[in-house]
$ cat data01.txt   # compact mmCIF, N, CA and C atoms
# COMPACT_ATOMS: atom_id res chain seq x y z
N MET U 1 1.23 7.60 24.92
CA MET U 1 2.49 7.78 24.22
C MET U 1 2.20 8.18 22.77
N PHE U 2 3.06 9.06 22.22
CA PHE U 2 2.92 9.53 20.85
C PHE U 2 4.02 8.95 19.98
N LYS U 3 3.78 8.88 18.68
CA LYS U 3 4.83 8.51 17.74
C LYS U 3 5.84 9.64 17.69
N TYR U 4 7.08 9.31 17.42
CA TYR U 4 8.16 10.30 17.38
C TYR U 4 7.88 11.32 16.28
N TYR U 5 8.04 12.60 16.63
CA TYR U 5 7.77 13.69 15.70
C TYR U 5 8.76 14.80 15.98
N ASN U 6 9.57 15.16 14.95
CA ASN U 6 10.60 16.18 15.12
C ASN U 6 10.70 16.98 13.84
N MET U 7 10.35 18.24 13.89
CA MET U 7 10.40 19.11 12.71
C MET U 7 11.81 19.59 12.39
N ASN U 8 12.76 19.39 13.28
CA ASN U 8 14.12 19.89 13.07
C ASN U 8 15.04 18.84 12.45
N GLN U 9 14.52 17.69 12.15
CA GLN U 9 15.34 16.63 11.58
C GLN U 9 15.50 16.84 10.08
N LEU U 10 16.69 16.58 9.56
CA LEU U 10 16.96 16.71 8.13
C LEU U 10 16.13 15.70 7.36
N VAL U 11 15.44 16.15 6.33
CA VAL U 11 14.63 15.28 5.49
C VAL U 11 15.20 15.36 4.08
N LEU U 12 15.59 14.23 3.55
CA LEU U 12 16.12 14.18 2.19
C LEU U 12 14.97 14.09 1.20
N PRO U 13 15.13 14.66 0.01
CA PRO U 13 14.05 14.59 -0.97
C PRO U 13 13.81 13.14 -1.39
N LEU U 14 12.55 12.78 -1.52
CA LEU U 14 12.16 11.43 -1.93
C LEU U 14 11.78 11.42 -3.39
N ASP U 15 11.88 10.26 -3.99
CA ASP U 15 11.32 10.08 -5.31
C ASP U 15 9.82 9.98 -5.10
N LEU U 16 9.08 10.95 -5.58
CA LEU U 16 7.65 11.01 -5.31
C LEU U 16 6.88 9.85 -5.93
N GLU U 17 7.49 9.17 -6.89
CA GLU U 17 6.82 8.05 -7.54
C GLU U 17 6.47 6.95 -6.54
N ILE U 18 7.29 6.78 -5.52
CA ILE U 18 7.03 5.72 -4.54
C ILE U 18 5.86 6.06 -3.63
N LYS U 19 5.45 7.33 -3.59
CA LYS U 19 4.32 7.73 -2.76
C LYS U 19 2.98 7.49 -3.47
N LEU U 20 3.01 7.22 -4.77
CA LEU U 20 1.78 7.02 -5.54
C LEU U 20 1.44 5.54 -5.58
N GLN U 21 0.15 5.23 -5.63
CA GLN U 21 -0.29 3.84 -5.76
C GLN U 21 -0.02 3.35 -7.17
N GLU U 22 0.04 2.03 -7.33
CA GLU U 22 0.36 1.43 -8.64
C GLU U 22 -0.60 1.85 -9.74
N ASN U 23 -1.88 1.97 -9.42
CA ASN U 23 -2.88 2.27 -10.44
C ASN U 23 -3.32 3.73 -10.41
N ASP U 24 -2.47 4.62 -9.94
CA ASP U 24 -2.80 6.04 -9.85
C ASP U 24 -3.01 6.62 -11.24
N ILE U 25 -3.91 7.57 -11.33
CA ILE U 25 -4.23 8.22 -12.61
C ILE U 25 -3.00 8.91 -13.21
N ALA U 26 -2.07 9.33 -12.37
CA ALA U 26 -0.86 10.02 -12.85
C ALA U 26 -0.04 9.11 -13.77
N PHE U 27 0.05 7.82 -13.46
CA PHE U 27 0.79 6.90 -14.32
C PHE U 27 0.12 6.74 -15.68
N HIS U 28 -1.20 6.68 -15.69
CA HIS U 28 -1.93 6.54 -16.95
C HIS U 28 -1.77 7.80 -17.81
N ILE U 29 -1.84 8.96 -17.17
CA ILE U 29 -1.64 10.22 -17.90
C ILE U 29 -0.22 10.29 -18.45
N HIS U 30 0.75 9.89 -17.64
CA HIS U 30 2.15 9.90 -18.07
C HIS U 30 2.34 9.02 -19.31
N HIS U 31 1.82 7.80 -19.26
CA HIS U 31 2.00 6.88 -20.40
C HIS U 31 1.23 7.36 -21.63
N LEU U 32 0.07 7.95 -21.43
CA LEU U 32 -0.70 8.47 -22.55
C LEU U 32 0.06 9.59 -23.27
N VAL U 33 0.56 10.56 -22.51
CA VAL U 33 1.26 11.70 -23.12
C VAL U 33 2.60 11.26 -23.72
N GLU U 34 3.28 10.33 -23.08
CA GLU U 34 4.56 9.85 -23.62
C GLU U 34 4.35 9.09 -24.93
N SER U 35 3.15 8.56 -25.17
CA SER U 35 2.90 7.82 -26.40
C SER U 35 2.67 8.75 -27.61
N ILE U 36 2.51 10.04 -27.35
CA ILE U 36 2.33 11.01 -28.44
C ILE U 36 3.68 11.22 -29.13
N PRO U 37 3.72 11.14 -30.46
CA PRO U 37 5.01 11.31 -31.16
C PRO U 37 5.58 12.72 -30.98
N ASP U 38 6.91 12.80 -31.02
CA ASP U 38 7.61 14.08 -30.84
C ASP U 38 7.19 15.12 -31.88
N GLU U 39 6.84 14.69 -33.07
CA GLU U 39 6.48 15.61 -34.13
C GLU U 39 5.26 16.47 -33.75
N ALA U 40 4.41 15.94 -32.90
CA ALA U 40 3.21 16.69 -32.50
C ALA U 40 3.57 17.91 -31.66
N PHE U 41 4.75 17.90 -31.04
CA PHE U 41 5.15 19.02 -30.18
C PHE U 41 6.08 20.01 -30.89
N GLN U 42 6.41 19.77 -32.14
CA GLN U 42 7.30 20.67 -32.87
C GLN U 42 6.75 22.08 -33.03
N PRO U 43 5.45 22.30 -33.21
CA PRO U 43 4.96 23.69 -33.32
C PRO U 43 5.20 24.53 -32.07
N PHE U 44 5.43 23.90 -30.93
CA PHE U 44 5.67 24.63 -29.69
C PHE U 44 7.12 25.10 -29.56
N LEU U 45 8.00 24.60 -30.41
CA LEU U 45 9.43 24.90 -30.31
C LEU U 45 9.72 26.33 -30.72
N ARG U 46 10.44 27.05 -29.83
CA ARG U 46 10.88 28.42 -30.11
C ARG U 46 12.37 28.51 -29.82
N ASN U 47 13.09 29.25 -30.65
CA ASN U 47 14.53 29.38 -30.48
C ASN U 47 14.94 30.71 -29.87
N THR U 48 13.98 31.53 -29.52
CA THR U 48 14.30 32.83 -28.93
C THR U 48 13.68 32.93 -27.54
N GLY U 49 14.24 33.83 -26.75
CA GLY U 49 13.69 34.07 -25.42
C GLY U 49 14.10 33.01 -24.41
N CYS U 50 13.48 33.07 -23.28
CA CYS U 50 13.75 32.13 -22.18
C CYS U 50 13.26 30.73 -22.57
N PRO U 51 14.00 29.69 -22.24
CA PRO U 51 13.52 28.34 -22.56
C PRO U 51 12.16 28.06 -21.92
N ALA U 52 11.29 27.45 -22.68
CA ALA U 52 9.93 27.18 -22.21
C ALA U 52 9.88 25.84 -21.49
N TYR U 53 8.82 25.65 -20.71
CA TYR U 53 8.57 24.33 -20.13
C TYR U 53 8.21 23.38 -21.26
N HIS U 54 8.57 22.12 -21.10
CA HIS U 54 8.30 21.15 -22.15
C HIS U 54 6.79 20.97 -22.28
N PRO U 55 6.27 20.96 -23.52
CA PRO U 55 4.83 20.82 -23.70
C PRO U 55 4.29 19.49 -23.16
N ARG U 56 5.11 18.44 -23.14
CA ARG U 56 4.65 17.17 -22.56
C ARG U 56 4.32 17.36 -21.08
N MET U 57 5.20 18.06 -20.36
CA MET U 57 4.97 18.29 -18.94
C MET U 57 3.71 19.12 -18.73
N MET U 58 3.55 20.17 -19.52
CA MET U 58 2.39 21.04 -19.38
C MET U 58 1.10 20.26 -19.66
N LEU U 59 1.11 19.43 -20.69
CA LEU U 59 -0.06 18.65 -21.03
C LEU U 59 -0.39 17.66 -19.92
N LYS U 60 0.61 17.02 -19.36
CA LYS U 60 0.39 16.08 -18.25
C LYS U 60 -0.25 16.79 -17.06
N MET U 61 0.27 17.96 -16.74
CA MET U 61 -0.27 18.71 -15.60
C MET U 61 -1.73 19.08 -15.84
N ILE U 62 -2.03 19.58 -17.02
CA ILE U 62 -3.39 20.01 -17.31
C ILE U 62 -4.35 18.84 -17.34
N LEU U 63 -3.95 17.72 -17.95
CA LEU U 63 -4.82 16.54 -17.97
C LEU U 63 -5.07 16.01 -16.56
N CYS U 64 -4.06 16.02 -15.73
CA CYS U 64 -4.21 15.56 -14.35
C CYS U 64 -5.16 16.48 -13.59
N ALA U 65 -5.01 17.76 -13.77
CA ALA U 65 -5.90 18.71 -13.10
C ALA U 65 -7.34 18.53 -13.59
N TYR U 66 -7.52 18.37 -14.90
CA TYR U 66 -8.86 18.15 -15.45
C TYR U 66 -9.48 16.88 -14.88
N SER U 67 -8.66 15.84 -14.68
CA SER U 67 -9.19 14.58 -14.14
C SER U 67 -9.68 14.74 -12.70
N GLN U 68 -9.23 15.82 -12.04
CA GLN U 68 -9.65 16.10 -10.67
C GLN U 68 -10.67 17.25 -10.63
N SER U 69 -11.24 17.59 -11.79
CA SER U 69 -12.23 18.66 -11.94
C SER U 69 -11.68 20.02 -11.54
N VAL U 70 -10.41 20.25 -11.85
CA VAL U 70 -9.78 21.55 -11.62
C VAL U 70 -9.54 22.16 -12.99
N PHE U 71 -10.16 23.32 -13.24
CA PHE U 71 -10.06 23.95 -14.55
C PHE U 71 -9.43 25.34 -14.49
N SER U 72 -9.17 25.85 -13.32
CA SER U 72 -8.60 27.17 -13.13
C SER U 72 -7.08 27.11 -13.11
N GLY U 73 -6.43 28.03 -13.81
CA GLY U 73 -4.97 28.09 -13.81
C GLY U 73 -4.40 28.32 -12.42
N ARG U 74 -5.06 29.16 -11.63
CA ARG U 74 -4.59 29.43 -10.27
C ARG U 74 -4.71 28.20 -9.39
N LYS U 75 -5.78 27.45 -9.57
CA LYS U 75 -5.94 26.23 -8.77
C LYS U 75 -4.94 25.16 -9.21
N MET U 76 -4.62 25.13 -10.50
CA MET U 76 -3.60 24.19 -10.99
C MET U 76 -2.25 24.55 -10.38
N GLU U 77 -1.95 25.84 -10.33
CA GLU U 77 -0.69 26.28 -9.71
C GLU U 77 -0.65 25.85 -8.25
N ALA U 78 -1.77 25.95 -7.54
CA ALA U 78 -1.82 25.53 -6.14
C ALA U 78 -1.63 24.01 -6.02
N LEU U 79 -2.20 23.25 -6.96
CA LEU U 79 -2.02 21.80 -6.94
C LEU U 79 -0.56 21.41 -7.11
N LEU U 80 0.19 22.19 -7.88
CA LEU U 80 1.61 21.89 -8.07
C LEU U 80 2.39 21.97 -6.76
N LYS U 81 1.88 22.71 -5.81
CA LYS U 81 2.53 22.84 -4.51
C LYS U 81 1.99 21.85 -3.49
N ASP U 82 0.76 21.33 -3.72
CA ASP U 82 0.10 20.49 -2.72
C ASP U 82 -0.04 19.02 -3.11
N SER U 83 -0.23 18.74 -4.37
CA SER U 83 -0.56 17.39 -4.82
C SER U 83 0.71 16.62 -5.20
N ILE U 84 0.86 15.45 -4.62
CA ILE U 84 2.04 14.62 -4.91
C ILE U 84 2.03 14.18 -6.36
N ARG U 85 0.86 13.83 -6.89
CA ARG U 85 0.83 13.38 -8.29
C ARG U 85 1.19 14.52 -9.24
N MET U 86 0.75 15.74 -8.93
CA MET U 86 1.11 16.88 -9.77
C MET U 86 2.60 17.20 -9.65
N MET U 87 3.15 17.09 -8.44
CA MET U 87 4.59 17.32 -8.25
C MET U 87 5.39 16.31 -9.06
N TRP U 88 4.93 15.05 -9.07
CA TRP U 88 5.65 14.02 -9.81
C TRP U 88 5.56 14.27 -11.31
N LEU U 89 4.38 14.59 -11.80
CA LEU U 89 4.22 14.83 -13.24
C LEU U 89 5.04 16.03 -13.70
N ALA U 90 5.15 17.05 -12.86
CA ALA U 90 5.91 18.25 -13.22
C ALA U 90 7.38 18.13 -12.84
N GLN U 91 7.74 17.06 -12.16
CA GLN U 91 9.12 16.83 -11.73
C GLN U 91 9.71 18.02 -10.98
N GLY U 92 8.89 18.61 -10.11
CA GLY U 92 9.37 19.69 -9.26
C GLY U 92 9.23 21.08 -9.83
N TYR U 93 8.92 21.20 -11.11
CA TYR U 93 8.72 22.53 -11.69
C TYR U 93 7.38 23.08 -11.21
N GLU U 94 7.32 24.39 -11.09
CA GLU U 94 6.09 25.06 -10.66
C GLU U 94 5.78 26.25 -11.57
N PRO U 95 5.26 25.98 -12.78
CA PRO U 95 4.90 27.10 -13.65
C PRO U 95 3.81 27.95 -13.02
N SER U 96 3.83 29.22 -13.33
CA SER U 96 2.83 30.14 -12.78
C SER U 96 1.49 29.92 -13.47
N TYR U 97 0.46 30.46 -12.87
CA TYR U 97 -0.88 30.32 -13.47
C TYR U 97 -0.93 31.01 -14.83
N ARG U 98 -0.15 32.06 -15.01
CA ARG U 98 -0.12 32.73 -16.32
C ARG U 98 0.44 31.82 -17.40
N THR U 99 1.52 31.11 -17.05
CA THR U 99 2.13 30.17 -17.99
C THR U 99 1.16 29.05 -18.33
N ILE U 100 0.48 28.53 -17.31
CA ILE U 100 -0.49 27.46 -17.52
C ILE U 100 -1.61 27.95 -18.42
N ASN U 101 -2.14 29.14 -18.16
CA ASN U 101 -3.24 29.67 -18.96
C ASN U 101 -2.81 29.94 -20.40
N ARG U 102 -1.58 30.44 -20.60
CA ARG U 102 -1.11 30.69 -21.97
C ARG U 102 -0.97 29.40 -22.76
N PHE U 103 -0.55 28.33 -22.06
CA PHE U 103 -0.38 27.04 -22.75
C PHE U 103 -1.72 26.56 -23.26

$ encode --input "data01.txt" --output "structure tokens"
Amino acid sequence: MFKYYNMNQLVLPLDLEIKLQENDIAFHIHHLVESIPDEAFQPFLRNTGCPAYHPRMMLKMILCAYSQSVFSGRKMEALLKDSIRMMWLAQGYEPSYRTINRF
């Protein structure tokens, strides 16, 4: 006998935080970046063009990728689609590898 498996069933989005362990590196990265004062991110502020991704989010993503020995922008972009901790840190955003590299 197999466990029930149905790909046609409606799946509601979950809060990805519950999928992570209590001592996951993502929580430590989140708290570290959140402890940085807002003034440190003021040079990134631009009032023209398309709104940018928040520098806190970008920094969290990059630090998380570095902690997993991922240094390529393209591989970071792939992690945003595959890794639960990266999805949680980015809160569902998926910046392109070009955006990651420019940051």

$ atom_distance --input "data01.txt" --atom1 "atom C of Met87 (chain U)" --atom2 "atom C of Lys60 (chain U)"
9.8 Å

$ closest_residue --input "data01.txt" --among "U:Ser69, U:Gln91, U:Val33, U:Tyr97" --to "Arg56 (chain U)" --atoms "all atoms listed in the file"
U:Val33

$ closest_residue --input "data01.txt" --among "U:Ser83, U:Gln42, U:Thr48, U:Ser72" --to "Asn101 (chain U)" --atoms "only C-alpha atoms"
U:Ser72

$ select_by_dssp --input "data01.txt" --residues "region 11-92 of chain U" --states "alpha helix (DSSP H)" --output "MDAnalysis selection string"
chainID U and resid 25:34 55:67 73:82 84:90

$ atom_distance --input "data01.txt" --atom1 "atom N of Leu16 (chain U)" --atom2 "atom N of Trp88 (chain U)"
6.8 Å

$ atom_distance --input "data01.txt" --atom1 "atom C of Gln21 (chain U)" --atom2 "atom N of Tyr53 (chain U)"
27.5 Å

$ residues_near_point --input "data01.txt" --point "(-2.6, 15.2, -16.0)" --cutoff "8 Å" --atoms "all atoms listed in the file" --output "ChimeraX atom specification"
/U:25-26,28-30,57-68,85-86,89

$ closest_residue --input "data01.txt" --among "U:Leu79, U:Cys50, U:Asp38, U:Ile84" --to "Asp24 (chain U)" --atoms "only C-alpha atoms"
U:Ile84
